[in-house]
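Student: Hey, dropping entry_24.txt in here, compact mmCIF, C-alpha atoms:
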```txt
# COMPACT_ATOMS: atom_id res chain seq x y z
CA MET A 1 103.12 90.56 107.41
CA SER A 2 101.34 93.16 105.32
CA ILE A 3 100.19 92.40 101.79
CA SER A 4 98.57 94.87 99.40
CA ILE A 5 97.38 94.03 95.92
CA TYR A 6 96.41 96.60 93.30
CA THR A 7 93.99 95.13 90.81
CA THR A 8 91.36 95.72 88.19
CA PRO A 9 88.26 93.55 88.44
CA THR A 10 88.70 92.67 84.75
CA CYS A 11 92.14 91.08 84.90
CA GLY A 12 92.62 87.32 84.90
CA PHE A 13 96.07 87.45 86.53
CA CYS A 14 94.65 89.61 89.35
CA ARG A 15 92.09 86.92 90.03
CA GLN A 16 94.78 84.24 89.98
CA ALA A 17 97.02 86.22 92.31
CA LYS A 18 94.19 86.71 94.83
CA ALA A 19 93.25 83.04 94.63
CA TYR A 20 96.86 82.12 95.28
CA LEU A 21 97.10 84.32 98.38
CA LYS A 22 93.84 82.88 99.68
CA ARG A 23 95.07 79.37 99.08
CA ARG A 24 98.15 80.17 101.12
CA GLY A 25 95.91 81.59 103.85
CA MET A 26 97.43 85.05 103.57
CA PRO A 27 95.19 88.02 104.34
CA PHE A 28 95.63 90.99 101.98
CA ALA A 29 94.28 94.44 101.25
CA GLU A 30 92.92 94.86 97.72
CA PHE A 31 92.66 98.14 95.86
CA ASP A 32 90.64 98.37 92.64
CA VAL A 33 92.64 100.95 90.70
CA SER A 34 89.96 101.29 88.04
CA ARG A 35 87.69 102.75 90.73
CA ASP A 36 90.10 104.40 93.17
CA PRO A 37 92.08 107.25 91.54
CA GLN A 38 94.17 107.84 94.66
CA LYS A 39 95.28 104.22 94.84
CA ALA A 40 95.77 104.21 91.06
CA ALA A 41 98.21 107.13 91.33
CA GLU A 42 99.93 105.41 94.24
CA MET A 43 100.31 102.22 92.22
CA VAL A 44 101.84 104.03 89.23
CA GLN A 45 104.19 105.87 91.57
CA VAL A 46 105.31 102.76 93.42
CA SER A 47 105.56 100.42 90.43
CA GLY A 48 106.34 102.76 87.55
CA GLN A 49 103.71 101.06 85.44
CA ARG A 50 99.97 100.95 84.81
CA GLY A 51 99.73 97.20 84.38
CA VAL A 52 98.12 95.12 87.10
CA PRO A 53 98.40 93.25 89.36
CA VAL A 54 100.96 95.05 91.48
CA ILE A 55 101.63 93.36 94.81
CA LEU A 56 103.45 94.68 97.86
CA ILE A 57 104.61 92.13 100.41
CA ASP A 58 106.08 93.95 103.41
CA GLY A 59 107.14 96.72 101.05
CA GLN A 60 108.67 94.30 98.55
CA LEU A 61 107.37 95.01 95.07
CA VAL A 62 106.07 92.20 92.88
CA LEU A 63 105.03 93.15 89.34
CA GLY A 64 102.39 90.95 87.80
CA PHE A 65 101.37 87.53 89.11
CA ASN A 66 104.96 86.38 89.53
CA GLU A 67 104.14 83.23 91.46
CA PRO A 68 107.70 82.04 92.17
CA MET A 69 108.64 85.44 93.58
CA ILE A 70 105.49 85.67 95.70
CA ALA A 71 106.07 82.15 96.98
CA GLN A 72 109.64 83.02 97.87
CA LEU A 73 108.65 86.17 99.74
CA LEU A 74 105.92 84.36 101.66
CA ASP A 75 108.18 81.41 102.47
CA GLN A 76 110.95 83.65 103.73
CA ARG A 77 108.56 85.34 106.11
CA ALA A 78 105.91 82.90 107.11
CA VAL A 79 107.27 79.41 107.08
CA ARG A 80 110.82 79.69 108.34
CA PRO A 81 110.86 80.95 111.91
CA PRO A 82 113.26 83.75 112.69
CA ARG A 83 116.71 82.71 113.80
CA LEU A 84 118.66 83.72 116.87
CA GLY A 85 121.85 83.66 114.83
CA VAL A 86 124.04 81.89 117.38
CA SER A 87 125.84 78.57 117.52
CA ILE A 88 125.08 76.89 120.81
CA ALA A 89 126.08 73.83 122.80
CA ASP A 90 125.07 72.27 126.08
CA SER A 91 126.86 74.32 128.78
CA SER A 92 127.53 71.32 131.01
CA ARG A 93 129.55 69.67 128.25
CA ILE A 94 131.55 72.85 127.67
CA ALA A 95 132.11 73.24 131.43
CA GLU A 96 133.48 69.71 131.54
CA ARG A 97 135.84 70.35 128.69
CA LYS A 98 137.03 73.69 130.01
CA ALA A 99 137.14 72.39 133.58
CA SER A 100 135.32 75.51 134.70
CA SER A 101 132.01 76.16 136.37
CA LEU A 102 129.10 77.21 134.17
CA PRO A 103 125.39 77.36 134.94
CA HIS A 104 123.02 74.98 133.14
CA GLY A 105 121.97 76.49 129.87
CA ALA A 106 123.00 76.94 126.24
CA TYR A 107 126.61 77.94 125.76
CA VAL A 108 127.07 80.47 122.94
CA GLY A 109 130.07 79.43 120.86
CA LYS A 110 129.59 81.88 118.02
CA VAL A 111 127.40 84.88 117.26
CA ASN A 112 126.68 85.54 113.60
CA PRO A 113 127.55 89.14 112.74
CA GLY A 114 124.44 91.23 112.05
CA SER A 115 122.11 88.62 113.52
CA SER A 116 119.32 89.50 115.94
CA SER A 117 121.43 88.19 118.81
CA ALA A 118 124.48 90.20 117.78
CA LEU A 119 122.40 93.37 117.58
CA ALA A 120 120.96 92.70 121.03
CA GLY A 121 124.46 92.33 122.52
CA VAL A 122 124.82 88.57 122.94
CA ARG A 123 128.50 87.58 122.95
CA PRO A 124 130.41 84.35 122.48
CA GLY A 125 130.99 82.74 125.87
CA ASP A 126 127.57 83.78 127.18
CA VAL A 127 125.35 81.07 128.59
CA ILE A 128 121.67 81.51 127.71
CA ILE A 129 119.66 80.69 130.85
CA GLN A 130 116.31 82.17 129.91
CA LEU A 131 114.56 82.83 126.58
CA ALA A 132 111.12 84.33 126.02
CA GLY A 133 110.33 83.90 129.72
CA GLN A 134 111.21 80.21 129.74
CA ALA A 135 114.08 78.67 131.65
CA ILE A 136 116.82 77.23 129.44
CA HIS A 137 118.68 74.21 130.80
CA SER A 138 120.33 73.01 127.61
CA ASP A 139 120.81 73.81 123.93
CA GLN A 140 117.75 71.68 123.16
CA ASP A 141 115.59 74.09 125.15
CA VAL A 142 116.72 76.97 122.92
CA HIS A 143 115.73 75.05 119.80
CA ARG A 144 112.36 74.24 121.31
CA VAL A 145 111.58 77.79 122.47
CA SER A 146 112.95 79.60 119.41
CA ALA A 147 110.65 77.59 117.11
CA ASP A 148 107.78 79.67 118.48
CA ILE A 149 109.43 83.03 117.91
CA ARG A 150 107.81 85.18 115.23
CA TYR A 151 109.02 88.08 113.16
CA ASP A 152 108.28 91.59 114.40
CA HIS A 153 108.23 90.45 118.00
CA ASP A 154 110.66 91.29 120.79
CA VAL A 155 111.94 88.44 122.86
CA ASP A 156 113.70 88.75 126.21
CA ILE A 157 116.87 86.78 126.67
CA VAL A 158 118.83 86.31 129.90
CA VAL A 159 122.46 85.22 129.77
CA TRP A 160 125.09 84.37 132.31
CA ARG A 161 128.36 86.16 131.60
CA ASN A 162 131.38 85.70 133.90
CA GLY A 163 129.24 85.28 136.97
CA GLN A 164 126.83 88.07 136.09
CA THR A 165 123.25 87.72 134.91
CA ILE A 166 122.42 90.05 132.03
CA GLY A 167 119.00 90.62 130.45
CA MET A 168 118.69 91.73 126.84
CA ARG A 169 115.92 92.23 124.36
CA VAL A 170 116.22 90.55 120.98
CA ARG A 171 114.34 92.05 118.05
CA PHE A 172 113.28 89.68 115.27
CA MET B 1 74.33 75.84 67.32
CA SER B 2 75.10 74.33 63.96
CA GLY B 3 74.21 70.76 63.37
CA GLU B 4 77.37 69.90 61.49
CA MET B 5 79.52 69.32 64.55
CA GLN B 6 78.85 67.94 67.97
CA ALA B 7 79.25 70.88 70.33
CA ASP B 8 81.03 70.41 73.65
CA PRO B 9 78.26 70.46 76.29
CA ARG B 10 80.43 72.73 78.48
CA ASP B 11 80.60 75.23 75.63
CA VAL B 12 76.83 75.10 75.17
CA GLU B 13 76.47 75.89 78.85
CA ARG B 14 79.01 78.71 78.68
CA ALA B 15 77.27 80.21 75.65
CA ARG B 16 73.99 80.08 77.53
CA GLN B 17 75.31 81.57 80.77
CA ARG B 18 77.59 84.26 79.38
CA PRO B 19 76.24 85.00 75.89
CA GLU B 20 78.04 88.31 75.33
CA ALA B 21 81.42 87.10 76.55
CA TRP B 22 80.94 83.92 74.54
CA MET B 23 80.17 85.81 71.33
CA LEU B 24 83.17 88.08 71.72
CA TYR B 25 85.34 85.04 72.44
CA GLN B 26 84.10 83.31 69.30
CA ARG B 27 84.79 86.40 67.21
CA LEU B 28 88.31 86.95 68.55
CA LYS B 29 89.06 83.25 68.16
CA ARG B 30 87.90 83.28 64.55
CA GLU B 31 89.80 86.47 63.71
CA GLY B 32 92.86 85.30 65.59
CA GLU B 33 92.96 82.01 63.79
CA ALA B 34 92.57 83.76 60.43
CA ALA B 35 95.49 86.07 61.26
CA GLY B 36 97.70 83.42 62.82
CA TYR B 37 97.09 84.16 66.50
CA ASP B 38 96.17 81.69 69.24
CA LEU B 39 93.96 82.46 72.21
CA ASN B 40 94.64 81.13 75.71
CA PRO B 41 93.35 77.53 75.87
CA ASP B 42 91.82 78.13 79.33
CA VAL B 43 88.31 79.04 78.20
CA GLU B 44 87.11 80.21 81.63
CA PHE B 45 90.14 82.48 81.92
CA VAL B 46 89.44 83.88 78.46
CA LEU B 47 85.73 84.42 79.19
CA ASP B 48 86.73 86.44 82.27
CA LEU B 49 88.95 88.55 80.02
CA MET B 50 86.03 88.94 77.58
CA ASP B 51 83.94 90.26 80.47
CA GLY B 52 86.81 92.63 81.19
CA LEU B 53 86.96 93.87 77.63
CA LEU B 54 83.20 94.32 77.54
CA THR B 55 83.32 96.20 80.84
CA ASN B 56 86.00 98.53 79.49
CA GLU B 57 84.10 98.90 76.22
CA GLY B 58 81.09 100.04 78.19
CA ARG B 59 83.09 102.21 80.54
CA TYR B 60 85.44 103.94 78.10
CA GLY B 61 83.92 103.26 74.70
CA TYR B 62 86.78 101.00 73.64
CA GLY B 63 88.08 97.63 74.78
CA SER B 64 91.29 98.57 76.54
CA CYS B 65 93.47 95.90 78.11
CA PRO B 66 91.71 94.27 81.07
CA CYS B 67 95.01 94.11 82.96
CA ARG B 68 96.02 97.72 82.60
CA LEU B 69 94.85 100.88 84.25
CA ALA B 70 93.24 102.87 81.43
CA ASP B 71 93.50 106.63 81.23
CA GLY B 72 89.96 106.88 79.94
CA THR B 73 90.73 108.95 76.84
CA ARG B 74 91.08 107.05 73.60
CA ASP B 75 94.09 109.07 72.46
CA ARG B 76 96.07 108.18 75.56
CA ASP B 77 94.91 104.56 75.60
CA LEU B 78 95.34 103.81 71.89
CA ASP B 79 98.36 101.62 72.52
CA ILE B 80 96.51 99.43 75.02
CA ILE B 81 93.31 98.85 73.07
CA CYS B 82 93.10 95.09 72.68
CA PRO B 83 94.96 93.71 70.83
CA CYS B 84 97.54 96.10 72.21
CA ASP B 85 100.70 97.38 70.56
CA TYR B 86 102.72 95.15 72.88
CA ARG B 87 101.06 91.89 71.91
CA ASP B 88 103.49 90.88 69.17
CA PRO B 89 106.77 91.65 71.00
CA ASP B 90 105.41 90.01 74.18
CA LEU B 91 104.32 86.92 72.24
CA ASP B 92 107.80 86.73 70.73
CA GLU B 93 109.61 87.15 74.02
CA TYR B 94 107.32 85.56 76.61
CA GLY B 95 104.88 83.45 74.65
CA ALA B 96 101.92 85.49 75.88
CA CYS B 97 100.62 89.03 75.81
CA TYR B 98 100.41 90.99 79.07
CA CYS B 99 96.95 89.74 80.03
CA ALA B 100 97.59 86.28 78.48
CA LEU B 101 94.63 86.44 76.11
CA TYR B 102 96.96 85.78 73.18
CA VAL B 103 99.49 83.02 73.63
CA SER B 104 102.13 81.14 71.68
CA GLU B 105 101.29 77.91 69.92
CA GLU B 106 103.20 76.03 72.61
CA ILE B 107 100.91 77.41 75.33
CA ALA B 108 97.82 77.10 73.14
CA LEU B 109 98.53 73.38 72.77
CA GLY B 110 98.94 73.04 76.52
CA HIS B 111 102.65 72.15 76.41
CA LYS B 112 103.46 75.11 78.60
CA GLN B 113 101.66 77.28 81.14
CA ALA B 114 101.27 81.02 80.56
CA GLU B 115 103.30 83.02 83.06
CA ALA B 116 103.37 86.62 84.17
CA VAL B 117 104.73 88.97 81.51
CA PRO B 118 106.71 92.04 82.58
CA GLU B 119 105.09 95.31 81.55
CA ARG B 120 107.03 96.74 78.61
CA ARG B 121 104.83 99.79 78.24
CA ALA B 122 106.43 102.93 79.66
CA PRO B 123 104.30 104.32 82.54
CA ARG B 124 103.52 107.59 80.79
CA ALA B 125 103.35 106.12 77.33
CA ALA B 126 100.02 107.02 75.91
CA GLY B 127 98.70 107.58 72.47
CA HIS B 128 102.07 107.43 70.77
CA ALA B 129 100.66 104.92 68.36
CA GLY B 130 98.16 105.80 65.71
CA LYS B 131 99.69 109.12 64.76
CA ALA B 132 101.40 108.39 61.50
CA PRO B 133 104.94 109.75 61.44
CA GLU B 134 105.77 111.42 58.14
CA GLU B 135 108.80 109.39 57.18
CA PRO B 136 110.14 108.98 53.70
CA GLU B 137 110.05 105.18 54.02
CA GLY B 138 106.88 103.23 53.82
CA PHE B 139 105.73 104.24 50.38
CA THR B 140 105.08 102.12 47.39
CA ARG B 141 107.09 102.80 44.26
CA SER B 142 104.16 104.79 43.00
CA GLY B 143 104.44 107.03 46.07
CA MET B 144 101.50 105.64 48.02
CA PRO B 145 101.97 105.17 51.79
CA ILE B 146 101.59 101.64 53.15
CA TRP B 147 99.37 100.97 56.14
CA ARG B 148 99.33 97.94 58.38
CA CYS B 149 96.41 96.87 60.54
CA LYS B 150 97.89 96.23 63.98
CA VAL B 151 95.03 93.89 64.80
CA CYS B 152 95.21 91.39 61.96
CA GLY B 153 98.24 92.41 59.94
CA TYR B 154 96.30 93.46 56.81
CA LEU B 155 98.39 95.70 54.55
CA CYS B 156 97.16 98.27 52.10
CA ALA B 157 98.60 101.12 50.05
CA ARG B 158 96.38 104.20 49.95
CA PRO B 159 96.55 107.86 51.01
CA GLN B 160 94.93 107.13 54.41
CA PRO B 161 94.16 103.90 56.20
CA PRO B 162 90.60 102.66 55.67
CA LEU B 163 87.90 103.69 58.17
CA LYS B 164 87.56 100.05 59.09
CA CYS B 165 89.89 97.20 58.38
CA PRO B 166 88.23 95.19 55.59
CA ILE B 167 89.49 91.97 57.15
CA CYS B 168 88.93 92.29 60.90
CA LYS B 169 86.84 95.49 61.11
CA ALA B 170 89.31 97.28 63.41
CA ASP B 171 88.98 101.08 63.47
CA ARG B 172 91.19 103.34 61.38
CA ASP B 173 93.31 104.42 64.35
CA ARG B 174 94.49 100.84 64.87
CA PHE B 175 96.53 101.14 61.67
CA GLU B 176 100.19 102.06 61.60
CA ARG B 177 102.54 103.09 58.86
CA PHE B 178 104.51 100.27 57.38
CA PRO B 179 107.34 99.39 57.54
```
Let me see whether you can do it: turn the structure in this file into structure tokens.
Tutor:
Amino acid sequence: MSISIYTTPTCGFCRQAKAYLKRRGMPFAEFDVSRDPQKAAEMVQVSGQRGVPVILIDGQLVLGFNEPMIAQLLDQRAVRPPRLGVSIADSSRIAERKASSLPHGAYVGKVNPGSSSALAGVRPGDVIIQLAGQAIHSDQDVHRVSADIRYDHDVDIVVWRNGQTIGMRVRF
Amino acid sequence: MSGEMQADPRDVERARQRPEAWMLYQRLKREGEAAGYDLNPDVEFVLDLMDGLLTNEGRYGYGSCPCRLADGTRDRDLDIICPCDYRDPDLDEYGACYCALYVSEEIALGHKQAEAVPERRAPRAAGHAGKAPEEPEGFTRSGMPIWRCKVCGYLCARPQPPLKCPICKADRDRFERFP
């Protein structure tokens, strides 16, 4: 995550905004627009105003110390891990029900359109047998492994599809 | 300190540690109260803003808003010299001015917290205040123009605004034509 904050050293809300980011443990780049004409021009261009603070969180513009909005942007990115975007079930249970032979893994029942998995090419009916280099024996394994996935990282996924093993790269 | 009232020991300490900021704070508080304005009840926050105003005063020659990027020329910064032209509408709408030096009574009494105020000043707006537009309105029946001090609200009818506001000592260019 990249956070920039345009400030003046004289502004109380700038101080509060910086204190808030520190409290949340978020590193940020600070630009003192009263001393840096280039950054000052950039701030006016980006924000359309000369009031500070102006905060950019991954390109998202926050005008002033809008704490609820900053909290929301940070929460969206930092706290909630990225999602695969699939509905999964234990493949052995599905195999039993369908009376067919499936490898041990996580059976993909549904792929959310536009999700990371959909973009990577995961399809309903696939059985996830490997994720991020770890063997997947059940749906529980997917939940466990995907909790460690972070945004802006590629993760390799291996699925079984009609007897074939297919590797794909999922972008989060 | 005066002997009439028991001074808060924290205030005594603040006055000792930050004498200039403290004096400016006391003056703005006094003037504000006289003109019906409340300052932010968070004294440390306000003293930081006082430092900001003093810094800008030293840097530009006038106390422009501590939370706005000043142009550096008085003409172009007239509208953001504290108290800025946007104080009253922002107080009405958001209960605080942009930098939260001036706040509503509700916030002053601690019933509500000051929150971020959206910037209402247009990005290129500069110096549009102060220049008196020659409109037919705003004259007394005797034909004298009426001037309003934007700092304290003082009204007077005379050919030009006074060099200094007799009430709050604001400079002539802080006056506007009224209504």
Student: My list of candidates is A:Tyr20, A:Phe65, A:Tyr6, A:Phe13. Which is closest to Asp32 in chain A when distances are computed with only C-alpha atoms?
Tutor: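 Among the listed residues, A:Tyr6 lies closest to Asp32 in chain A.
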Student: As a ChimeraX atom specification, please: the residues near range 85-91 of chain A (cut-off 12 Å, all atoms listed in the file, same-chain neighbours under 2 positions excluded).
Tutor: /A:81-83,93-129,136-143,146,159-160,170-172
Student: Using all atoms listed in the file, which protein or nucleic acid residues come within 8 Å of Cys149 in chain B? Drop anything in the same chain fewer than 4 positions from it, and give the result as an MDAnalysis selection string.
Tutor: chainID B and resid 153:155 165 170 174:176
Student: Given a cut-off of 9 Å, which residues of chain A touch chain B, counting all atoms listed in the file, written out as a VMD selection string?
Tutor: chain A and resid 7 to 14 33 to 34 40 44 47 to 53 63 to 67
Student: Mind giving me the straight-line distance from CA of Ala114 in chain B to CA of Cys97 in chain B in Å, one decimal?
Tutor: 9.3 Å
Student: Adding 5 Å on each side of the box along x, y and z that holds all listed atoms of range 40-55 of chain A, could you give its centre and edge lengths in Å to one decimal, as AutoDock Vina command-line options?
Tutor:
```
--center_x 101.1 --center_y 100.2 --center_z 89.6 --size_x 20.6 --size_y 23.9 --size_z 20.4
```
Student: Which residues are near Trp147 in chain B? Cut-off 9 Å, all atoms listed in the file, ignore same chain within fewer than 5 positions. Put them as a PDB file with C-alpha atoms, keeping the file's coordinate frame.
Tutor:
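Contents of the output file result-v5.pdb:
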```pdb
ATOM      1  CA  GLY B 138     106.880 103.230  53.820  1.00  0.00           C
ATOM      2  CA  TYR B 154      96.300  93.460  56.810  1.00  0.00           C
ATOM      3  CA  LEU B 155      98.390  95.700  54.550  1.00  0.00           C
ATOM      4  CA  CYS B 156      97.160  98.270  52.100  1.00  0.00           C
ATOM      5  CA  ALA B 157      98.600 101.120  50.050  1.00  0.00           C
ATOM      6  CA  ARG B 158      96.380 104.200  49.950  1.00  0.00           C
ATOM      7  CA  GLN B 160      94.930 107.130  54.410  1.00  0.00           C
ATOM      8  CA  PRO B 161      94.160 103.900  56.200  1.00  0.00           C
ATOM      9  CA  PRO B 162      90.600 102.660  55.670  1.00  0.00           C
ATOM     10  CA  PHE B 175      96.530 101.140  61.670  1.00  0.00           C
ATOM     11  CA  GLU B 176     100.190 102.060  61.600  1.00  0.00           C
ATOM     12  CA  ARG B 177     102.540 103.090  58.860  1.00  0.00           C
ATOM     13  CA  PHE B 178     104.510 100.270  57.380  1.00  0.00           C
ATOM     14  CA  PRO B 179     107.340  99.390  57.540  1.00  0.00           C
TER      15      PRO B 179
END
```
Student: Please, what distance in Å, to one decimal, runs between CA of Pro83 in chain B and CA of Lys150 in chain B?
Tutor: 7.9 Å
Student: When you count only C-alpha atoms, which of these residues is closest to Arg169 in chain A: A:Ala132, A:Val145, A:Met1, A:Gln45?
Tutor: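 Of the candidates, the smallest distance to Arg169 in chain A is held by A:Ala132.
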Student: May I ask for the distance between CA of Glu30 in chain A and CA of Asp77 in chain B, given in Å to one decimal place?
Tutor: 24.2 Å
